[in-house]
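A.B. asks: Just coords.cif, nothing more (mmCIF, C-alpha atoms):
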data_coords
#
loop_
_atom_site.label_atom_id
_atom_site.label_comp_id
_atom_site.auth_asym_id
_atom_site.auth_seq_id
_atom_site.Cartn_x
_atom_site.Cartn_y
_atom_site.Cartn_z
CA MET R 1 20.51 15.95 -32.63
CA ALA R 2 22.09 18.19 -29.98
CA TRP R 3 25.44 16.34 -29.90
CA GLN R 4 26.07 16.49 -33.69
CA GLY R 5 28.51 18.95 -35.29
CA TRP R 6 31.23 20.77 -33.38
CA SER R 7 30.09 19.58 -29.90
CA ALA R 8 30.55 15.82 -30.53
CA PRO R 9 34.36 15.78 -29.94
CA TRP R 10 33.91 17.66 -26.68
CA LEU R 11 31.38 15.12 -25.47
CA TRP R 12 33.79 12.32 -26.34
CA VAL R 13 36.68 14.05 -24.55
CA SER R 14 34.48 14.78 -21.51
CA GLY R 15 33.40 11.15 -21.30
CA CYS R 16 37.01 9.90 -21.50
CA GLY R 17 38.06 12.41 -18.86
CA LEU R 18 35.32 11.28 -16.48
CA LEU R 19 36.27 7.63 -16.99
CA LEU R 20 39.94 8.46 -16.31
CA LEU R 21 38.98 10.27 -13.10
CA VAL R 22 37.01 7.25 -11.90
CA LEU R 23 39.97 4.94 -12.63
CA VAL R 24 42.39 7.22 -10.77
CA LEU R 25 40.09 7.30 -7.76
CA LEU R 26 39.73 3.54 -7.77
CA VAL R 27 43.45 2.72 -7.96
CA SER R 28 44.73 5.50 -5.71
CA PRO R 29 46.00 4.18 -2.35
CA ARG R 30 44.22 7.08 -0.63
CA SER R 31 40.91 6.52 -2.32
CA CYS R 32 39.15 4.16 0.10
CA ARG R 33 36.39 6.67 0.74
CA ALA R 34 35.99 7.33 -2.98
CA ARG R 35 35.83 3.61 -3.70
CA ARG R 36 33.16 3.12 -1.05
CA THR R 37 31.18 6.06 -2.44
CA LEU R 38 31.39 4.81 -6.01
CA ARG R 39 30.57 1.26 -4.96
CA GLY R 40 27.56 2.53 -3.03
CA LEU R 41 26.35 4.49 -6.03
CA PHE R 42 26.77 1.54 -8.36
CA MET R 43 25.03 -0.84 -5.93
CA ALA R 44 22.15 1.57 -5.38
CA ARG R 45 21.67 1.98 -9.11
CA SER R 46 21.92 -1.78 -9.63
CA LYS R 47 19.31 -2.44 -6.95
CA ARG R 48 16.94 0.09 -8.49
CA LEU R 49 17.47 -1.40 -11.94
CA LEU R 50 16.94 -4.97 -10.72
CA PHE R 51 13.83 -3.90 -8.84
CA ARG R 52 12.40 -2.20 -11.94
CA ILE R 53 13.04 -5.31 -14.01
CA GLY R 54 11.43 -7.53 -11.38
CA TYR R 55 8.47 -5.20 -10.95
CA SER R 56 7.85 -5.08 -14.70
CA LEU R 57 7.93 -8.88 -14.89
CA TYR R 58 5.50 -9.11 -11.93
CA THR R 59 2.98 -6.62 -13.29
CA ARG R 60 3.24 -7.15 -17.04
CA THR R 61 3.92 -10.83 -17.65
CA TRP R 62 2.56 -14.25 -16.71
CA LEU R 63 5.51 -14.65 -14.30
CA GLY R 64 3.72 -12.35 -11.85
CA TYR R 65 0.67 -14.61 -11.88
CA LEU R 66 2.82 -17.70 -11.29
CA PHE R 67 4.50 -15.95 -8.34
CA TYR R 68 1.07 -15.09 -6.91
CA ARG R 69 -0.09 -18.68 -7.25
CA GLN R 70 3.00 -19.85 -5.37
CA GLN R 71 2.28 -17.31 -2.61
CA LEU R 72 -1.29 -18.59 -2.45
CA ARG R 73 -0.28 -22.23 -2.06
CA ARG R 74 2.28 -21.48 0.63
CA ALA R 75 -0.12 -19.29 2.62
CA ARG R 76 -2.91 -21.88 2.47
CA ASN R 77 -0.53 -24.53 3.79
CA ARG R 78 0.94 -22.32 6.50
CA TYR R 79 -2.29 -20.60 7.57
CA PRO R 80 -5.18 -22.98 6.85
CA LYS R 81 -7.47 -20.77 8.98
CA GLY R 82 -5.91 -17.46 7.97
CA HIS R 83 -2.96 -15.50 9.31
CA SER R 84 -5.09 -13.59 11.86
CA ARG R 85 -8.28 -13.93 13.84
CA THR R 86 -10.73 -11.27 12.71
CA GLN R 87 -13.99 -9.87 14.04
CA PRO R 88 -16.75 -8.43 11.85
CA ARG R 89 -18.20 -5.00 12.55
CA LEU R 90 -22.00 -4.86 12.65
CA PHE R 91 -23.89 -1.64 12.07
CA ASN R 92 -27.53 -0.91 11.36
CA GLY R 93 -28.13 -3.31 8.46
CA VAL R 94 -24.49 -3.35 7.32
CA LYS R 95 -21.70 -5.79 8.12
CA VAL R 96 -18.00 -5.45 7.37
CA LEU R 97 -16.16 -8.74 7.44
CA PRO R 98 -12.34 -8.82 7.19
CA ILE R 99 -10.96 -11.98 5.56
CA PRO R 100 -7.28 -12.82 6.25
CA VAL R 101 -5.62 -14.03 3.03
CA LEU R 102 -2.10 -14.87 1.84
CA SER R 103 0.54 -14.21 4.51
CA ASP R 104 -0.58 -10.73 5.65
CA ASN R 105 -3.27 -9.43 3.25
CA TYR R 106 -6.87 -8.60 4.04
CA SER R 107 -9.84 -8.96 1.74
CA TYR R 108 -13.23 -7.67 2.85
CA LEU R 109 -16.91 -8.44 2.43
CA ILE R 110 -19.25 -5.48 2.79
CA ILE R 111 -22.74 -6.87 3.31
CA ASP R 112 -26.19 -5.35 3.14
CA THR R 113 -27.70 -7.70 5.75
CA GLN R 114 -31.30 -6.93 4.80
CA ALA R 115 -30.95 -7.51 1.04
CA ARG R 116 -28.33 -10.29 1.55
CA LEU R 117 -26.10 -8.61 -1.02
CA ALA R 118 -22.29 -8.53 -0.72
CA VAL R 119 -19.40 -6.54 -2.16
CA ALA R 120 -15.88 -8.00 -2.04
CA VAL R 121 -12.85 -5.72 -1.73
CA ASP R 122 -9.53 -7.02 -3.12
CA PRO R 123 -10.44 -10.74 -3.14
CA SER R 124 -6.94 -12.15 -3.62
CA ASP R 125 -7.82 -15.67 -2.44
CA PRO R 126 -11.08 -16.68 -4.14
CA GLN R 127 -11.34 -19.84 -2.03
CA ALA R 128 -11.28 -17.95 1.27
CA VAL R 129 -13.66 -15.28 0.00
CA GLN R 130 -16.09 -17.86 -1.39
CA ALA R 131 -16.09 -19.71 1.94
CA SER R 132 -17.10 -16.48 3.70
CA ILE R 133 -19.81 -15.79 1.11
CA GLU R 134 -21.31 -19.23 1.68
CA LYS R 135 -21.06 -18.96 5.46
CA GLU R 136 -22.83 -15.59 5.41
CA GLY R 137 -25.45 -16.82 2.94
CA VAL R 138 -25.18 -13.76 0.68
CA ASN R 139 -25.10 -13.05 -3.03
CA LEU R 140 -21.86 -11.52 -4.37
CA VAL R 141 -22.78 -8.77 -6.83
CA ALA R 142 -19.63 -6.61 -6.99
CA ILE R 143 -15.86 -6.74 -6.62
CA LEU R 144 -14.01 -3.54 -5.80
CA CYS R 145 -10.33 -3.69 -6.73
CA THR R 146 -8.01 -1.04 -5.31
CA HIS R 147 -5.22 -1.83 -7.78
CA LYS R 148 -3.79 -4.39 -10.20
CA HIS R 149 -1.23 -6.22 -8.03
CA TRP R 150 -2.01 -9.93 -7.91
CA ASP R 151 -2.19 -10.03 -4.12
CA HIS R 152 -5.24 -7.75 -4.44
CA SER R 153 -6.77 -8.83 -7.74
CA GLY R 154 -5.91 -12.53 -8.04
CA GLY R 155 -9.42 -13.78 -7.21
CA ASN R 156 -11.26 -11.64 -9.76
CA ARG R 157 -11.43 -14.33 -12.43
CA ASP R 158 -12.68 -17.23 -10.33
CA LEU R 159 -15.24 -15.21 -8.37
CA SER R 160 -16.65 -13.33 -11.36
CA ARG R 161 -17.04 -16.63 -13.24
CA ARG R 162 -18.70 -18.32 -10.27
CA HIS R 163 -21.09 -15.41 -9.67
CA GLN R 164 -22.53 -14.59 -13.08
CA ASP R 165 -24.04 -11.23 -12.09
CA CYS R 166 -20.89 -10.03 -10.33
CA ARG R 167 -19.33 -6.82 -11.67
CA VAL R 168 -15.64 -6.04 -11.29
CA TYR R 169 -14.86 -2.38 -10.55
CA GLY R 170 -11.54 -0.55 -10.62
CA SER R 171 -9.45 2.02 -12.42
CA PRO R 172 -9.06 1.62 -16.19
CA GLN R 173 -5.51 3.01 -15.84
CA ASP R 174 -4.34 0.06 -13.78
CA GLY R 175 -4.81 -2.99 -16.01
CA ILE R 176 -6.96 -4.78 -13.43
CA PRO R 177 -7.71 -8.36 -14.52
CA TYR R 178 -11.31 -9.07 -15.58
CA LEU R 179 -12.37 -5.46 -15.09
CA THR R 180 -15.95 -4.92 -16.30
CA HIS R 181 -16.90 -1.51 -14.87
CA PRO R 182 -14.22 1.21 -14.95
CA LEU R 183 -14.35 3.87 -12.23
CA CYS R 184 -13.10 7.43 -12.02
CA HIS R 185 -12.48 9.71 -9.05
CA GLN R 186 -15.69 10.34 -7.05
CA ASP R 187 -17.74 7.69 -8.89
CA VAL R 188 -20.27 5.95 -6.64
CA VAL R 189 -21.12 2.25 -6.63
CA SER R 190 -24.60 1.49 -5.24
CA VAL R 191 -25.47 -1.98 -3.94
CA GLY R 192 -28.66 -2.21 -1.92
CA ARG R 193 -28.32 0.41 0.78
CA LEU R 194 -24.53 0.52 0.34
CA GLN R 195 -23.15 3.71 -1.19
CA ILE R 196 -19.44 3.33 -1.91
CA ARG R 197 -17.39 6.16 -3.40
CA ALA R 198 -14.16 5.62 -5.34
CA LEU R 199 -11.33 8.07 -4.67
CA ALA R 200 -8.32 8.28 -6.99
CA THR R 201 -5.13 7.87 -4.96
CA PRO R 202 -2.24 7.26 -7.38
CA GLY R 203 1.31 6.66 -6.22
CA HIS R 204 1.52 3.00 -5.28
CA THR R 205 0.23 2.31 -8.78
CA GLN R 206 -0.86 4.74 -11.45
CA GLY R 207 -4.54 3.93 -11.08
CA HIS R 208 -4.79 3.09 -7.37
CA LEU R 209 -8.26 3.69 -5.90
CA VAL R 210 -9.53 3.64 -2.34
CA TYR R 211 -13.19 3.04 -1.49
CA LEU R 212 -15.24 5.00 1.03
CA LEU R 213 -18.42 3.40 2.37
CA ASP R 214 -20.78 6.23 3.31
CA GLY R 215 -21.96 5.82 6.89
CA GLU R 216 -25.04 8.03 6.56
CA PRO R 217 -27.47 5.39 5.16
CA TYR R 218 -26.88 3.11 8.15
CA LYS R 219 -26.28 5.88 10.72
CA GLY R 220 -22.77 4.68 11.51
CA PRO R 221 -19.16 5.61 10.80
CA SER R 222 -17.87 5.75 7.25
CA CYS R 223 -15.40 3.03 6.31
CA LEU R 224 -12.27 3.53 4.21
CA PHE R 225 -10.92 0.48 2.36
CA SER R 226 -7.44 1.76 1.64
CA GLY R 227 -5.71 -1.05 -0.26
CA ASP R 228 -1.99 -0.26 -0.35
CA LEU R 229 -2.31 3.50 0.11
CA LEU R 230 -2.60 3.64 3.88
CA PHE R 231 -1.96 1.13 6.67
CA LEU R 232 -2.11 1.36 10.41
CA SER R 233 0.83 3.72 11.09
CA GLY R 234 2.19 3.36 7.56
CA CYS R 235 1.71 3.99 3.86
CA GLY R 236 2.40 2.06 0.67
CA ARG R 237 5.52 2.16 -1.46
CA THR R 238 5.58 4.57 -4.37
CA PHE R 239 6.00 2.13 -7.25
CA GLU R 240 4.45 4.13 -10.08
CA GLY R 241 4.49 7.73 -8.92
CA THR R 242 6.46 10.38 -7.10
CA ALA R 243 6.57 11.51 -3.50
CA GLU R 244 4.44 14.50 -4.55
CA THR R 245 1.83 12.14 -6.02
CA MET R 246 1.72 10.03 -2.88
CA LEU R 247 1.50 13.11 -0.66
CA SER R 248 -1.50 14.36 -2.64
CA SER R 249 -3.19 10.96 -2.30
CA LEU R 250 -2.59 10.85 1.46
CA ASP R 251 -3.98 14.37 1.75
CA THR R 252 -7.12 13.12 -0.03
CA VAL R 253 -7.87 10.72 2.82
CA LEU R 254 -6.71 13.22 5.45
CA GLY R 255 -9.71 15.29 4.43
CA LEU R 256 -12.08 12.61 5.72
CA GLY R 257 -13.59 12.61 9.20
CA ASP R 258 -11.72 11.47 12.33
CA ASP R 259 -14.28 8.74 13.06
CA THR R 260 -13.78 7.10 9.63
CA LEU R 261 -12.77 3.47 10.14
CA LEU R 262 -9.58 2.44 8.33
CA TRP R 263 -9.61 -1.04 6.80
CA PRO R 264 -6.13 -1.54 5.26
CA GLY R 265 -4.91 -4.09 2.73
CA HIS R 266 -2.23 -5.63 4.98
CA GLU R 267 -1.46 -6.56 8.59
CA TYR R 268 1.61 -4.36 9.07
CA ALA R 269 0.68 -2.70 12.37
CA GLU R 270 3.44 -3.92 14.68
CA GLU R 271 6.24 -3.30 12.20
CA ASN R 272 4.91 0.15 11.26
CA LEU R 273 4.47 1.28 14.86
CA GLY R 274 8.01 0.13 15.61
CA PHE R 275 9.31 2.44 12.89
CA ALA R 276 7.09 5.29 14.08
CA GLY R 277 8.77 4.95 17.47
CA VAL R 278 12.17 5.53 15.86
CA VAL R 279 11.17 8.87 14.31
CA GLU R 280 8.88 10.03 17.15
CA PRO R 281 10.00 8.21 20.31
CA GLU R 282 8.11 10.60 22.62
CA ASN R 283 4.73 10.10 20.95
CA LEU R 284 2.50 8.77 23.73
CA ALA R 285 -0.38 7.95 21.39
CA ARG R 286 1.94 5.69 19.43
CA GLU R 287 3.17 4.01 22.60
CA ARG R 288 -0.37 3.25 23.77
CA LYS R 289 -1.32 1.90 20.36
CA MET R 290 1.83 -0.25 20.23
CA GLN R 291 1.00 -1.87 23.57
CA TRP R 292 -2.50 -2.70 22.33
CA VAL R 293 -1.21 -4.05 19.00
CA GLN R 294 1.36 -6.26 20.70
CA ARG R 295 -1.36 -7.78 22.89
CA GLN R 296 -3.48 -8.40 19.81
CA ARG R 297 -0.68 -10.00 17.84
CA MET R 298 0.38 -12.26 20.71
CA GLU R 299 -3.05 -13.88 20.27
CA ARG R 300 -2.88 -13.59 16.46
CA LYS R 301 -5.81 -11.18 16.48
CA SER R 302 -6.29 -8.65 13.72
CA THR R 303 -5.45 -5.02 14.43
CA CYS R 304 -7.99 -3.51 12.03
CA PRO R 305 -9.77 -1.25 11.95
CA SER R 306 -8.20 1.85 13.36
CA THR R 307 -9.66 5.32 12.80
CA LEU R 308 -8.31 8.24 10.82
CA GLY R 309 -8.35 10.26 14.03
CA GLU R 310 -5.98 7.73 15.60
CA GLU R 311 -3.78 7.65 12.51
CA ARG R 312 -3.35 11.42 12.58
CA SER R 313 -1.90 11.11 16.09
CA TYR R 314 0.86 8.55 15.39
CA ASN R 315 1.19 7.69 11.68
CA PRO R 316 4.34 9.58 10.56
CA PHE R 317 3.29 9.48 6.90
CA LEU R 318 0.23 11.54 7.80
CA ARG R 319 2.20 13.95 9.98
CA THR R 320 4.55 15.62 7.49
CA HIS R 321 2.98 18.97 8.43
CA CYS R 322 3.93 18.53 12.13
CA LEU R 323 6.87 20.56 13.44
CA VAL R 324 7.87 17.80 15.86
CA LEU R 325 8.44 15.39 12.99
CA GLN R 326 10.06 18.01 10.79
CA GLU R 327 12.59 18.86 13.49
CA ALA R 328 13.27 15.19 14.27
CA LEU R 329 14.17 14.52 10.64
CA GLY R 330 16.29 17.69 10.13
CA PRO R 331 18.86 19.11 9.63
CA GLY R 332 18.02 22.60 8.51
CA PRO R 333 14.79 24.52 8.64
CA GLY R 334 11.78 22.25 8.33
CA PRO R 335 9.03 22.63 5.77
CA THR R 336 5.98 24.68 6.56
CA ARG R 337 2.44 23.43 6.72
CA ASP R 338 1.69 24.87 3.28
CA ASP R 339 4.91 23.86 1.55
CA ASP R 340 3.82 20.76 -0.34
CA TYR R 341 7.20 20.35 -2.05
CA SER R 342 9.04 20.25 1.28
CA ARG R 343 6.42 17.92 2.75
CA ALA R 344 6.95 15.59 -0.21
CA GLN R 345 10.69 15.61 0.47
CA LEU R 346 9.98 14.70 4.08
CA LEU R 347 7.69 11.90 2.95
CA GLU R 348 10.42 10.51 0.70
CA LYS R 349 12.92 10.68 3.55
CA LEU R 350 10.51 8.77 5.79
CA ARG R 351 10.13 6.12 3.11
CA GLN R 352 13.91 5.73 2.81
CA LEU R 353 14.32 5.53 6.59
CA LYS R 354 11.56 2.92 6.77
CA ASP R 355 13.38 0.77 4.21
CA LEU R 356 16.62 1.04 6.21
CA HIS R 357 14.79 0.19 9.43
CA LYS R 358 13.21 -2.87 7.81
CA SER R 359 16.54 -4.13 6.46
CA LYS R 360 18.24 -4.15 9.88
#
In structure tokens, write the structure found in this file.
C.D. replies:
Amino acid sequence: MAWQGWSAPWLWVSGCGLLLLVLVLLVSPRSCRARRTLRGLFMARSKRLLFRIGYSLYTRTWLGYLFYRQQLRRARNRYPKGHSRTQPRLFNGVKVLPIPVLSDNYSYLIIDTQARLAVAVDPSDPQAVQASIEKEGVNLVAILCTHKHWDHSGGNRDLSRRHQDCRVYGSPQDGIPYLTHPLCHQDVVSVGRLQIRALATPGHTQGHLVYLLDGEPYKGPSCLFSGDLLFLSGCGRTFEGTAETMLSSLDTVLGLGDDTLLWPGHEYAEENLGFAGVVEPENLARERKMQWVQRQRMERKSTCPSTLGEERSYNPFLRTHCLVLQEALGPGPGPTRDDDYSRAQLLEKLRQLKDLHKSK
């Protein structure tokens, strides 16, 4: 090992010296700033460690499932008719039905209205999803899971057991419960006239997928079911990746058309637009969208979908190439459009600022 032999005493002496320096700083009467700095470092590290422990328990043990079940019970009691009022979108033979679940999640039914076939996206509350299936009078043949977190995958077991021919799709990297049909980047799921493409978008989790419903067969807009990658004016936390990974995933969806409808996994619009106003207060597109969202939320109406064209105009996490945002988050020279490393740094800074904004 590298520390064996002559170097071991020097490592021991260096460690003792560092410990002595810390003690001197802590007891010195003029060391208030040093104490605050050290305390901040220790607290930050402790928070990260506690989060990692909690996240591992949530994703890798039965404790996560018990927590999800508690969330489910509380949400059903608090929102017996769902946290938001939603409206389906009807196209030529295709229907997209948002289903409000838990305290702020959305599941979706994508329906081929001619064949009476349905695909469920992230059915976290099987009871709510089943009620919509029965109301629509359709046959559930597929579940598309964006990622493994229980608030997106918790209904897989009950629905796949109830509907014997139902297939459960998702990434094999993500440990999705009751997965039957693994998907890779660019794989296509065909159900009736529905053509749905899986796009690999790691970052929030290692195997996160988004699903793109092709609009061509029904002569309408394409629909992006983004899970926890992209929200109205926001993006997901990077739990199992880096800022570079998340940037690459966001760039994947940035390559889609402006008229693509965005169907996110959560109702975070008002909070996200509030943060966007902090980093870009002069953005008029954001201001107009915020006024509309506030009117919607006053009546508990859903804010989805938006479009990718709209998101490009006010979502700061999609605007890391914009000079206005780069200059606002200085100091120093901003990244260039082609500097992915600098854009990733800016994305990470936005994420940190968002967490601070939320904690206030």
A.B. asks: Could you list, as an NGL selection string, every residue within 10 Å of Ala269 of chain R, counting only C-alpha atoms and ignoring same-chain residues fewer than 3 positions away?
C.D. replies: :R and (231-234 or 264 or 266 or 272-274 or 289-290 or 293-294 or 297 or 302-304)
A.B. asks: Would you kindly translate the PyMOL selection byres ((chain R and resi 212) around 7) into the concrete residues it picks from this file, as a VMD selection string?
C.D. replies: chain R and resid 196 to 198 210 to 211 213 to 214 222 to 225
A.B. asks: With only C-alpha atoms as the basis for distance, which of R:Leu261, R:Leu230, R:Cys184, R:Cys235 is at the shortest distance from Leu350 of chain R?
C.D. replies: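 Among R:Leu261, R:Leu230, R:Cys184, R:Cys235, it is R:Cys235 that comes nearest to Leu350 of chain R.
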A.B. asks: One decimal, Å: what's the distance from atom CA of Asp259 of chain R over to atom CA of Leu109 of chain R, could you say?
C.D. replies: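 Distance reported for this atom pair: 20.4 Å.
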A.B. asks: Using only C-alpha atoms, find the one residue out of R:Gln127, R:Thr242, R:Thr86, R:Ser249 that sits nearest to Gln345 of chain R.
C.D. replies: R:Thr242
A.B. asks: Could you tell me which residues the PyMOL selection byres ((chain R and resi 346) around 9) returns for this structure, as a PyMOL selection string?
C.D. replies: chain R and resi 243+317+320+326+329+334-335+341-345+347-351
A.B. asks: Of the residues R:Asp355, R:Asp112, R:Asp251, R:Asp151, which is the one nearest to Arg237 of chain R, using all atoms listed in the file?
C.D. replies: R:Asp355
A.B. asks: Tell me, in Å to one decimal, how far atom CA of Thr205 of chain R is from atom CA of Gly265 of chain R.
C.D. replies: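 Calculated distance between atom CA of Thr205 of chain R and atom CA of Gly265 of chain R is 14.1 Å.
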A.B. asks: Which residues are near segment 298-300 of chain R? Cut-off 8 Å, all atoms listed in the file, ignore same chain within fewer than 2 positions. Put them as an MDAnalysis selection string.
C.D. replies: chainID R and resid 83:85 294:296 302
A.B. asks: Would you kindly return, as a list in words, each protein, DNA or RNA residue with an atom no farther than 7 Å from any atom of Tyr218 of chain R, considering only C-alpha atoms and excluding same-chain residues fewer than 3 positions away?
C.D. replies: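 Final neighbour list, sorted by chain and number: Phe91, Asn92, Gly93, Val94 and Gly215 of chain R.
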A.B. asks: Suppose you want the space between atom CA of Ile143 of chain R and atom CA of Gly155 of chain R; what is it in Å?
C.D. replies: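 Distance reported for this atom pair: 9.6 Å.
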A.B. asks: Using all atoms listed in the file, which of R:Ile111, R:Arg76, R:His149, R:Lys135 sits nearest Pro123 of chain R?
C.D. replies: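 When distances to Pro123 of chain R are compared using all atoms listed in the file, the smallest one comes from R:His149.
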A.B. asks: Specify the axis-aligned box that encloses all atoms of segment 298-317 of chain R listed in the file after padding of 3 Å on each side, stating its centre and edge lengths in Å to one decimal as AutoDock Vina command-line options.
C.D. replies:
--center_x -2.7 --center_y -1.2 --center_z 13.8 --size_x 20.1 --size_y 31.3 --size_z 19.8
A.B. asks: Just so I have it separately, write segment 230-250 of chain R from the block I sent, keeping N, CA and C atoms, as a PDB file, in the first residue's frame.
C.D. replies:
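And here's selection_32.pdb as it stands now:
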ATOM      1  N   LEU R 230     -37.492  16.706 -15.751  1.00  0.00           N
ATOM      2  CA  LEU R 230     -37.844  18.078 -16.115  1.00  0.00           C
ATOM      3  C   LEU R 230     -39.246  18.401 -15.626  1.00  0.00           C
ATOM      4  N   PHE R 231     -39.373  19.579 -14.988  1.00  0.00           N
ATOM      5  CA  PHE R 231     -40.667  20.086 -14.546  1.00  0.00           C
ATOM      6  C   PHE R 231     -40.911  21.429 -15.210  1.00  0.00           C
ATOM      7  N   LEU R 232     -42.115  21.936 -15.029  1.00  0.00           N
ATOM      8  CA  LEU R 232     -42.364  23.298 -15.479  1.00  0.00           C
ATOM      9  C   LEU R 232     -41.430  24.230 -14.712  1.00  0.00           C
ATOM     10  N   SER R 233     -40.497  24.852 -15.431  1.00  0.00           N
ATOM     11  CA  SER R 233     -39.512  25.787 -14.896  1.00  0.00           C
ATOM     12  C   SER R 233     -38.553  25.161 -13.879  1.00  0.00           C
ATOM     13  N   GLY R 234     -38.334  23.875 -13.951  1.00  0.00           N
ATOM     14  CA  GLY R 234     -37.407  23.249 -13.007  1.00  0.00           C
ATOM     15  C   GLY R 234     -36.841  21.952 -13.551  1.00  0.00           C
ATOM     16  N   CYS R 235     -35.943  21.354 -12.767  1.00  0.00           N
ATOM     17  CA  CYS R 235     -35.434  20.023 -13.102  1.00  0.00           C
ATOM     18  C   CYS R 235     -35.250  19.240 -11.807  1.00  0.00           C
ATOM     19  N   GLY R 236     -35.060  17.933 -11.941  1.00  0.00           N
ATOM     20  CA  GLY R 236     -34.959  17.067 -10.776  1.00  0.00           C
ATOM     21  C   GLY R 236     -33.613  17.174 -10.083  1.00  0.00           C
ATOM     22  N   ARG R 237     -33.565  16.669  -8.872  1.00  0.00           N
ATOM     23  CA  ARG R 237     -32.315  16.613  -8.121  1.00  0.00           C
ATOM     24  C   ARG R 237     -31.418  15.522  -8.687  1.00  0.00           C
ATOM     25  N   THR R 238     -30.127  15.756  -8.595  1.00  0.00           N
ATOM     26  CA  THR R 238     -29.154  14.782  -9.081  1.00  0.00           C
ATOM     27  C   THR R 238     -28.790  13.845  -7.941  1.00  0.00           C
ATOM     28  N   PHE R 239     -29.561  12.782  -7.777  1.00  0.00           N
ATOM     29  CA  PHE R 239     -29.345  11.835  -6.688  1.00  0.00           C
ATOM     30  C   PHE R 239     -28.265  10.812  -7.020  1.00  0.00           C
ATOM     31  N   GLU R 240     -28.207  10.369  -8.264  1.00  0.00           N
ATOM     32  CA  GLU R 240     -27.319   9.262  -8.618  1.00  0.00           C
ATOM     33  C   GLU R 240     -26.449   9.606  -9.832  1.00  0.00           C
ATOM     34  N   GLY R 241     -26.075  10.838  -9.963  1.00  0.00           N
ATOM     35  CA  GLY R 241     -25.244  11.241 -11.088  1.00  0.00           C
ATOM     36  C   GLY R 241     -24.504  12.514 -10.759  1.00  0.00           C
ATOM     37  N   THR R 242     -23.948  13.123 -11.767  1.00  0.00           N
ATOM     38  CA  THR R 242     -23.215  14.372 -11.616  1.00  0.00           C
ATOM     39  C   THR R 242     -23.945  15.479 -12.361  1.00  0.00           C
ATOM     40  N   ALA R 243     -23.473  16.698 -12.167  1.00  0.00           N
ATOM     41  CA  ALA R 243     -24.051  17.814 -12.912  1.00  0.00           C
ATOM     42  C   ALA R 243     -23.853  17.623 -14.414  1.00  0.00           C
ATOM     43  N   GLU R 244     -22.704  17.046 -14.792  1.00  0.00           N
ATOM     44  CA  GLU R 244     -22.449  16.785 -16.216  1.00  0.00           C
ATOM     45  C   GLU R 244     -23.455  15.780 -16.776  1.00  0.00           C
ATOM     46  N   THR R 245     -23.773  14.754 -15.978  1.00  0.00           N
ATOM     47  CA  THR R 245     -24.758  13.756 -16.402  1.00  0.00           C
ATOM     48  C   THR R 245     -26.122  14.397 -16.597  1.00  0.00           C
ATOM     49  N   MET R 246     -26.532  15.206 -15.631  1.00  0.00           N
ATOM     50  CA  MET R 246     -27.835  15.848 -15.712  1.00  0.00           C
ATOM     51  C   MET R 246     -27.895  16.822 -16.891  1.00  0.00           C
ATOM     52  N   LEU R 247     -26.815  17.555 -17.119  1.00  0.00           N
ATOM     53  CA  LEU R 247     -26.779  18.488 -18.245  1.00  0.00           C
ATOM     54  C   LEU R 247     -26.977  17.742 -19.558  1.00  0.00           C
ATOM     55  N   SER R 248     -26.292  16.611 -19.710  1.00  0.00           N
ATOM     56  CA  SER R 248     -26.427  15.818 -20.924  1.00  0.00           C
ATOM     57  C   SER R 248     -27.865  15.335 -21.105  1.00  0.00           C
ATOM     58  N   SER R 249     -28.507  14.936 -20.012  1.00  0.00           N
ATOM     59  CA  SER R 249     -29.892  14.467 -20.093  1.00  0.00           C
ATOM     60  C   SER R 249     -30.839  15.609 -20.467  1.00  0.00           C
ATOM     61  N   LEU R 250     -30.627  16.780 -19.894  1.00  0.00           N
ATOM     62  CA  LEU R 250     -31.461  17.928 -20.251  1.00  0.00           C
ATOM     63  C   LEU R 250     -31.247  18.321 -21.708  1.00  0.00           C
TER      64      LEU R 250
END
